[in-house]
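Novice: Pasting model-v1.txt here (compact mmCIF, C-alpha atoms):
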```txt
# COMPACT_ATOMS: atom_id res chain seq x y z
CA MET B 1 1.63 11.29 -6.44
CA THR B 2 3.05 8.70 -4.09
CA THR B 3 3.91 5.14 -4.95
CA THR B 4 1.48 2.46 -3.84
CA ARG B 5 3.22 -0.50 -2.21
CA PRO B 6 2.16 -4.11 -2.70
CA ALA B 7 -0.75 -4.41 -0.30
CA ALA B 8 0.22 -7.88 0.73
CA VAL B 9 3.70 -6.83 1.80
CA PHE B 10 2.14 -4.23 4.07
CA ALA B 11 -0.14 -6.93 5.44
CA ALA B 12 2.89 -8.96 6.46
CA VAL B 13 4.48 -6.03 8.22
CA ALA B 14 1.20 -5.19 9.95
CA LEU B 15 0.74 -8.71 11.27
CA SER B 16 4.33 -9.02 12.44
CA ALA B 17 3.97 -5.73 14.32
CA VAL B 18 1.69 -7.56 16.74
CA LEU B 19 3.24 -11.02 16.64
CA ALA B 20 6.82 -9.81 16.91
CA SER B 21 6.22 -6.90 19.25
CA CYS B 22 8.41 -8.72 21.74
CA ALA B 23 11.40 -7.50 19.75
CA THR B 24 10.20 -3.93 19.30
CA GLU B 25 10.26 -0.93 21.60
CA THR B 26 6.83 0.67 21.99
CA ASP B 27 6.07 3.82 23.92
CA THR B 28 3.74 2.80 26.71
CA SER B 29 2.93 6.27 27.97
CA PRO B 30 -0.60 7.64 27.41
CA GLY B 31 -0.77 9.39 24.08
CA GLY B 32 2.38 7.66 22.90
CA ALA B 33 1.24 4.11 22.30
CA GLU B 34 1.33 3.09 18.69
CA ALA B 35 -0.42 -0.02 17.43
CA GLU B 36 -0.84 -1.62 14.06
CA ALA B 37 -4.21 -3.09 13.26
CA THR B 38 -3.62 -6.55 11.95
CA ALA B 39 -4.93 -9.65 10.95
CA SER B 40 -9.17 -12.43 10.93
CA PRO B 41 -11.87 -15.60 9.61
CA ASP B 42 -12.39 -19.24 10.37
CA VAL B 43 -10.23 -22.25 10.74
CA SER B 44 -11.43 -25.30 12.65
CA THR B 45 -10.43 -25.29 16.30
CA ALA B 46 -7.79 -27.87 17.21
CA GLU B 47 -9.11 -30.10 19.98
CA SER B 48 -5.63 -30.59 21.34
CA LEU B 49 -5.48 -26.90 22.22
CA ASN B 50 -8.58 -26.98 24.39
CA SER B 51 -6.61 -28.37 27.30
CA GLU B 52 -3.95 -25.67 27.18
CA PRO B 53 -3.68 -23.68 30.45
CA GLU B 54 -5.02 -20.16 30.42
CA ALA B 55 -2.53 -17.34 30.19
CA GLU B 56 -1.77 -15.69 33.49
CA ALA B 57 -1.95 -11.92 33.41
CA PRO B 58 1.09 -10.28 34.98
CA SER B 59 0.15 -8.15 37.95
CA SER B 60 0.87 -4.42 37.90
CA SER B 61 2.64 -5.01 41.19
CA ALA B 62 5.38 -6.74 39.21
CA ALA B 63 7.29 -3.45 39.06
CA GLY B 64 11.02 -4.01 39.23
CA GLU B 65 10.87 -7.47 37.66
CA GLY B 66 11.94 -6.15 34.28
CA LEU B 67 8.97 -7.08 32.12
CA THR B 68 9.51 -6.84 28.37
CA ARG B 69 7.21 -7.48 25.42
CA ALA B 70 8.60 -11.00 25.30
CA ASP B 71 6.60 -11.55 28.51
CA SER B 72 3.29 -10.55 26.95
CA PRO B 73 0.32 -12.94 27.23
CA LEU B 74 0.13 -13.22 23.43
CA ALA B 75 3.83 -14.08 23.12
CA HIS B 76 3.39 -16.64 25.90
CA GLU B 77 0.39 -18.24 24.19
CA LEU B 78 2.07 -18.51 20.80
CA THR B 79 5.36 -19.77 22.20
CA GLU B 80 3.65 -22.39 24.37
CA ALA B 81 1.72 -23.55 21.30
CA GLY B 82 4.93 -23.99 19.32
CA LEU B 83 4.62 -20.89 17.14
CA ALA B 84 7.87 -19.30 18.33
CA SER B 85 9.08 -19.09 14.73
CA VAL B 86 6.30 -16.61 14.00
CA LEU B 87 7.64 -14.35 16.71
CA GLU B 88 11.18 -14.67 15.40
CA VAL B 89 10.43 -13.96 11.74
CA GLN B 90 10.44 -10.18 12.15
CA THR B 91 14.13 -9.67 12.80
CA ARG B 92 15.65 -6.51 11.42
CA GLU B 93 17.77 -8.51 9.00
CA VAL B 94 14.77 -10.38 7.57
CA GLU B 95 12.64 -7.25 7.39
CA TYR B 96 15.34 -5.28 5.59
CA ALA B 97 16.16 -8.16 3.23
CA LEU B 98 12.50 -8.34 2.23
CA ARG B 99 12.29 -4.59 1.65
CA VAL B 100 15.50 -4.48 -0.39
CA ARG B 101 14.39 -7.42 -2.54
CA GLN B 102 10.98 -5.85 -3.06
CA GLU B 103 12.50 -2.57 -4.25
CA GLU B 104 14.92 -4.33 -6.60
CA LEU B 105 12.11 -6.34 -8.16
CA LEU B 106 9.93 -3.25 -8.59
CA ALA B 107 12.76 -1.47 -10.43
CA GLU B 108 13.31 -4.49 -12.70
CA CYS B 109 9.60 -4.88 -13.43
CA MET B 110 9.07 -1.20 -14.21
CA ALA B 111 12.13 -1.16 -16.47
CA GLU B 112 10.69 -4.08 -18.43
CA ARG B 113 7.55 -2.00 -18.94
CA GLY B 114 9.54 1.01 -20.09
CA PHE B 115 9.46 3.10 -16.91
CA GLU B 116 12.00 4.14 -14.30
CA TYR B 117 11.58 3.26 -10.65
CA VAL B 118 14.19 4.32 -8.11
CA PRO B 119 14.45 1.86 -5.21
CA GLU B 120 13.32 3.55 -2.02
CA PHE B 121 15.34 1.23 0.21
CA THR B 122 18.73 -0.09 -0.91
CA ALA B 123 21.14 -2.76 0.33
CA GLN B 124 23.46 -0.01 1.51
CA GLU B 125 20.68 1.61 3.52
CA ALA B 126 19.78 -1.79 4.98
CA ALA B 127 23.38 -2.39 6.04
CA GLU B 128 23.50 1.03 7.67
CA GLN B 129 20.27 0.35 9.57
CA VAL B 130 21.46 -3.04 10.84
CA GLU B 131 24.61 -1.40 12.21
CA LEU B 132 22.58 1.04 14.31
CA PRO B 133 21.90 0.19 17.96
CA GLU B 134 18.55 -1.37 18.79
CA ARG B 135 15.81 1.09 19.70
CA GLY B 136 15.11 1.23 23.40
CA THR B 137 18.74 0.75 24.41
CA ARG B 138 21.02 3.24 26.12
CA GLU B 139 23.32 3.07 23.08
CA PHE B 140 20.50 4.23 20.83
CA ALA B 141 19.74 7.17 23.13
CA GLU B 142 23.40 8.15 23.35
CA GLN B 143 24.08 7.93 19.62
CA ILE B 144 20.76 8.79 17.98
CA GLY B 145 18.49 10.24 20.66
CA TYR B 146 14.90 10.01 19.42
CA ASP B 147 15.93 9.70 15.76
CA ILE B 148 14.81 13.22 14.89
CA THR B 149 16.31 15.08 11.92
CA PHE B 150 16.81 18.81 12.20
CA LEU B 151 17.86 19.30 8.58
CA PRO B 152 15.62 19.52 5.49
CA PRO B 153 15.59 16.38 3.31
CA GLU B 154 18.24 16.11 0.63
CA SER B 155 17.18 16.49 -2.96
CA GLY B 156 15.05 13.55 -4.04
CA GLU B 157 14.38 12.22 -0.53
CA ILE B 158 10.89 13.70 -0.32
CA ASP B 159 9.60 11.41 -3.04
CA ARG B 160 12.02 9.39 -5.12
CA ASN B 161 9.19 8.21 -7.37
CA PRO B 162 6.59 10.90 -8.08
CA GLY B 163 4.96 8.66 -10.68
CA SER B 164 5.31 10.98 -13.64
CA GLY B 165 4.67 10.12 -17.27
CA ASP B 166 1.73 8.56 -19.04
CA GLY B 167 1.15 5.02 -17.91
CA TRP B 168 3.61 5.02 -14.96
CA TYR B 169 0.98 4.64 -12.26
CA GLU B 170 -0.93 2.00 -14.21
CA ALA B 171 2.27 0.04 -14.83
CA MET B 172 2.98 0.09 -11.12
CA ASN B 173 -0.50 -0.61 -9.76
CA GLY B 174 -2.55 -1.89 -12.64
CA ALA B 175 -5.64 -0.43 -14.25
CA ALA B 176 -8.45 0.90 -12.11
CA LEU B 177 -11.21 -1.55 -11.28
CA ASP B 178 -13.75 -1.47 -14.08
CA GLY B 179 -16.94 -0.06 -12.60
CA GLU B 180 -16.16 -1.58 -9.22
CA ASP B 181 -15.74 0.47 -6.07
CA SER B 182 -12.64 -0.77 -4.28
CA PHE B 183 -14.17 0.36 -0.98
CA ASP B 184 -16.79 -2.37 -1.36
CA LEU B 185 -14.17 -5.11 -1.36
CA THR B 186 -13.46 -7.13 1.75
CA ALA B 187 -9.95 -7.08 3.20
CA GLU B 188 -9.20 -10.49 1.70
CA GLU B 189 -10.61 -9.55 -1.72
CA SER B 190 -8.57 -6.34 -1.73
CA ILE B 191 -5.34 -8.15 -0.89
CA LEU B 192 -5.87 -10.93 -3.41
CA ARG B 193 -6.95 -8.45 -6.07
CA SER B 194 -3.68 -6.58 -5.60
CA PHE B 195 -1.82 -9.66 -6.84
CA ASP B 196 -3.44 -9.26 -10.26
CA HIS B 197 -2.41 -5.66 -10.88
CA GLY B 198 0.78 -4.10 -12.19
CA CYS B 199 4.30 -4.54 -10.90
CA SER B 200 3.08 -4.35 -7.33
CA GLY B 201 1.10 -7.53 -7.82
CA SER B 202 3.78 -9.49 -9.67
CA VAL B 203 6.41 -8.46 -7.14
CA SER B 204 4.15 -9.56 -4.29
CA ARG B 205 3.85 -13.00 -5.83
CA THR B 206 7.62 -13.26 -6.19
CA ILE B 207 8.27 -11.99 -2.67
CA TYR B 208 5.98 -14.60 -1.20
CA ALA B 209 7.68 -17.35 -3.18
CA GLU B 210 11.05 -16.26 -1.79
CA PHE B 211 9.83 -15.46 1.73
CA PRO B 212 7.23 -18.21 2.29
CA GLY B 213 6.71 -17.41 5.96
CA TYR B 214 5.54 -13.91 5.14
CA GLY B 215 3.20 -15.20 2.47
CA ALA B 216 1.60 -17.78 4.71
CA TYR B 217 1.03 -15.61 7.73
CA SER B 218 0.04 -12.39 5.99
CA ILE B 219 -2.02 -13.41 2.99
CA GLN B 220 -3.76 -16.50 4.29
CA LEU B 221 -4.24 -15.40 7.90
CA TYR B 222 -4.32 -11.61 7.68
CA SER B 223 -7.90 -11.17 6.56
CA ARG B 224 -9.19 -14.14 8.54
CA PHE B 225 -8.22 -12.95 12.02
CA ASN B 226 -8.36 -9.22 11.47
CA ASP B 227 -10.94 -8.47 14.16
CA PHE B 228 -9.04 -10.38 16.84
CA PHE B 229 -5.77 -8.56 16.20
CA ARG B 230 -7.48 -5.21 15.88
CA GLY B 231 -8.54 -5.76 19.44
CA PHE B 232 -4.96 -5.26 20.54
CA THR B 233 -5.20 -1.67 19.36
CA GLN B 234 -8.04 -1.18 21.83
CA VAL B 235 -5.93 -2.93 24.47
CA LEU B 236 -3.26 -0.24 24.09
CA MET B 237 -5.86 2.54 24.22
CA ASP B 238 -7.48 1.13 27.36
CA ALA B 239 -4.13 0.61 29.05
CA ALA B 240 -3.09 4.18 28.22
CA GLU B 241 -6.18 5.50 30.02
CA ASP B 242 -5.69 3.39 33.16
CA ALA B 243 -5.63 5.55 36.29
CA ARG B 244 -2.61 3.68 37.64
CA ASN B 245 -0.43 5.28 34.98
CA ALA B 246 -0.48 8.57 36.89
CA GLU B 247 1.72 7.27 39.71
CA ILE B 248 4.24 5.77 37.28
CA GLU B 249 4.44 8.98 35.27
CA ALA B 250 4.78 11.04 38.45
CA ASP B 251 7.78 8.95 39.49
CA TRP B 252 9.36 9.43 36.07
CA ALA B 253 8.64 13.17 36.05
CA ALA B 254 10.18 13.59 39.52
CA CYS B 255 13.32 11.85 38.31
CA MET B 256 13.51 14.09 35.23
CA ALA B 257 12.94 17.19 37.36
CA GLN B 258 16.14 16.41 39.25
CA GLY B 259 17.96 16.96 35.98
CA GLY B 260 16.12 20.19 35.23
CA TYR B 261 13.52 18.77 32.84
CA GLU B 262 9.84 19.65 33.22
CA PHE B 263 7.90 16.94 31.40
CA ALA B 264 4.85 15.03 32.60
CA ASN B 265 5.71 11.85 30.68
CA PRO B 266 8.11 10.50 28.03
CA GLY B 267 5.71 11.50 25.28
CA GLU B 268 6.07 15.15 26.26
CA ALA B 269 9.86 14.84 26.21
CA ARG B 270 9.84 13.60 22.62
CA ALA B 271 7.18 16.10 21.59
CA SER B 272 9.37 18.97 22.76
CA LEU B 273 12.09 17.89 20.33
CA TYR B 274 9.63 17.49 17.45
CA ALA B 275 8.38 20.99 18.19
CA LEU B 276 11.97 22.23 18.01
CA GLU B 277 12.39 20.47 14.67
CA GLU B 278 9.25 22.16 13.36
CA ASP B 279 10.49 25.56 14.49
CA LEU B 280 13.93 25.10 12.92
CA LEU B 281 12.47 24.01 9.58
CA ALA B 282 9.48 26.37 9.54
CA GLU B 283 11.00 28.85 7.10
CA TYR B 284 12.27 26.11 4.82
CA HIS B 285 8.89 24.43 4.62
CA GLU B 286 7.01 27.70 4.12
CA GLU B 287 8.97 28.35 0.94
CA PHE B 288 9.98 24.72 0.37
CA ASP B 289 13.40 25.94 -0.68
CA GLY B 290 13.78 28.53 2.05
CA GLU B 291 16.76 28.95 4.31
CA ALA B 292 17.77 25.86 6.25
CA PRO B 293 18.86 26.08 9.90
CA SER B 294 22.53 26.88 10.47
CA GLU B 295 25.11 24.27 11.44
CA GLU B 296 25.25 25.77 14.91
CA GLU B 297 21.48 25.52 15.35
CA VAL B 298 21.46 21.92 14.18
CA ALA B 299 24.38 21.02 16.45
CA GLU B 300 22.64 22.55 19.45
CA ALA B 301 19.38 20.76 18.64
CA ASN B 302 21.18 17.44 18.23
CA ALA B 303 22.95 17.90 21.55
CA LEU B 304 19.68 18.73 23.30
CA GLU B 305 18.00 15.69 21.74
CA ILE B 306 20.76 13.35 22.93
CA GLU B 307 20.79 14.84 26.42
CA THR B 308 17.02 14.57 26.74
CA ALA B 309 16.89 11.04 25.35
CA VAL B 310 19.61 9.82 27.71
CA ALA B 311 17.92 11.45 30.72
CA ASP B 312 14.63 9.90 29.62
CA TYR B 313 16.27 6.47 29.36
CA GLU B 314 17.97 6.77 32.74
CA CYS B 315 14.76 7.79 34.49
CA ARG B 316 12.80 4.99 32.82
CA GLU B 317 15.38 2.60 34.21
CA GLN B 318 15.44 4.20 37.65
CA VAL B 319 11.68 4.03 38.22
CA ASP B 320 11.14 0.83 36.20
CA TYR B 321 8.80 2.83 33.99
CA ASP B 322 8.42 0.46 31.03
CA SER B 323 8.01 -2.68 33.12
CA ARG B 324 5.32 -1.13 35.30
CA MET B 325 3.47 0.22 32.27
CA LEU B 326 3.68 -3.15 30.53
CA ALA B 327 2.30 -4.91 33.61
CA ILE B 328 -0.85 -2.81 33.29
CA GLU B 329 -1.05 -3.31 29.54
CA PHE B 330 -0.64 -7.07 29.91
CA GLU B 331 -3.66 -7.21 32.21
CA TYR B 332 -5.82 -5.78 29.43
CA GLU B 333 -4.14 -8.00 26.85
CA ALA B 334 -4.79 -11.13 28.92
CA ALA B 335 -8.44 -10.14 29.29
CA HIS B 336 -8.75 -9.66 25.51
CA ILE B 337 -7.22 -13.08 24.91
CA GLN B 338 -9.49 -14.74 27.44
CA GLU B 339 -12.57 -13.12 25.93
CA ASN B 340 -11.51 -14.37 22.49
CA ARG B 341 -9.88 -17.66 23.44
CA GLU B 342 -11.74 -19.69 20.81
CA VAL B 343 -10.55 -17.33 18.06
CA LEU B 344 -6.98 -17.48 19.34
CA GLU B 345 -7.09 -21.28 19.32
CA GLU B 346 -8.36 -21.19 15.74
CA TYR B 347 -5.50 -18.88 14.82
CA ILE B 348 -2.93 -21.13 16.50
CA ALA B 349 -4.34 -24.18 14.72
CA ALA B 350 -4.12 -22.36 11.40
CA GLY B 351 -0.59 -21.16 12.13
CA LEU B 352 0.60 -24.65 13.02
CA ALA B 353 -0.96 -26.00 9.83
CA PHE B 354 0.81 -23.38 7.73
CA GLU B 355 4.12 -24.08 9.43
CA GLU B 356 3.69 -27.75 8.62
CA GLN B 357 3.17 -26.86 4.96
CA LEU B 358 6.37 -24.80 4.95
CA ARG B 359 8.56 -27.60 6.27
CA PRO B 360 10.77 -29.17 3.58
```
Would you mind writing the file's structure down as structure tokens?

Specialist:
Amino acid sequence: MTTTRPAAVFAAVALSAVLASCATETDTSPGGAEAEATASPDVSTAESLNSEPEAEAPSSSAAGEGLTRADSPLAHELTEAGLASVLEVQTREVEYALRVRQEELLAECMAERGFEYVPEFTAQEAAEQVELPERGTREFAEQIGYDITFLPPESGEIDRNPGSGDGWYEAMNGAALDGEDSFDLTAEESILRSFDHGCSGSVSRTIYAEFPGYGAYSIQLYSRFNDFFRGFTQVLMDAAEDARNAEIEADWAACMAQGGYEFANPGEARASLYALEEDLLAEYHEEFDGEAPSEEEVAEANALEIETAVADYECREQVDYDSRMLAIEFEYEAAHIQENREVLEEYIAAGLAFEEQLRP
């Protein structure tokens, strides 16, 4: 039995995945794009926003100009409207501080109710993560590769909190809804209901008192603008299927071939290492306590991962892979924004209002 997290905390992370994507590396190759569905309902449109200029979609011919997610139409719209702080809230330090505090509070709450909860993310782990290079950098590729582990998990890592003992799950998540099907609840009802149940709910309330920005943008805006932000998932899917990707991938594949690698796109390169991981751990997982791969096998796999990741990074740089892919994606993103401009303006108005409330 796995532990259920405070739903509202997940809402915050989901929303920031879109709003703060400018600070996050995302695979832009077909089949590799990952998107979080986020945040959706009404706030009155601010008249002052009606005169804002429309976002200009970057052209796919902008290859070589070094586009990043900070150049996205959505980031441009929010920054121009004065919502830059929303984009900045999802730093690694803030994210890790929130997670550590959440885990500490859950342990305290469960102890008060007579149960043990082992924090699943500690201050030490947060410090270690902050010290790691940023994803998407050469340093990350050289030191960590694709962040694949070729060893079985250490004892207790699979599930630190199996939820054993009578009453443990109820203490954590509250009693089941009396005669009410949770699937019938709206997104907003489900989130708000989670605040009334178990340690997850009480911790969520405390977290949002201590991290007001997360509370404002996730709880009060998450459910209201859900449909609009879900549209960005479709944006990624449409961009991944664009025919222009073939030329970009061919350039990358040709570069990789010069180093002896036969991959059609970066997704295939990563997949080859995950397949190796699966092969190395196959016997262990079949018996769950079976023989783990030898030190030599792990060392060889790690070396291959680093070599492949560095070659991947170098070829991305050489052919301007990410920038060219982003230029295509941004065309679809700009179209989505233009088709939903009124909703975006409502969201911006709501965001500005919440920021005003948060000012001392």

Novice: For a cut-off of 8 Å around (3.7, 12.7, 31.7), file coordinates, pick out all residues using only C-alpha atoms and list them as a list in words.

Specialist: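 Those residues lying close to the given coordinates are Ser29, Pro30, Ala246, Glu249, Ala250, Trp252, Ala253, Phe263, Ala264, Asn265, Pro266, Gly267 and Glu268 of chain B.
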
Novice: Just how far from CA of Tyr274 (chain B) is CA of Leu304 (chain B), in Å to one decimal?

Specialist: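 Pair CA of Leu304 (chain B) / CA of Tyr274 (chain B) returns 11.7 Å.
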
Novice: Find the distance between CA of Leu352 (chain B) and CA of Ala81 (chain B) and write it in Å to one decimal.

Specialist: 8.4 Å

Novice: Tell me, in Å to one decimal, how far CA of Ala239 (chain B) is from CA of Arg92 (chain B).

Specialist: 27.4 Å

Novice: Which is closer to Cys199 (chain B) than all the others in B:Asp227, B:Glu291, B:Glu103, B:Glu80, using all atoms listed in the file?

Specialist: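 Looking only at the distances to Cys199 (chain B), the closest residue turns out to be B:Glu103.
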
Novice: Which is closest to Ile207 (chain B) among B:Ala97, B:Leu151, B:Leu83, B:Ile348, if we use all atoms listed in the file?

Specialist: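 The shortest atom-to-atom distance to Ile207 (chain B) comes from B:Ala97.
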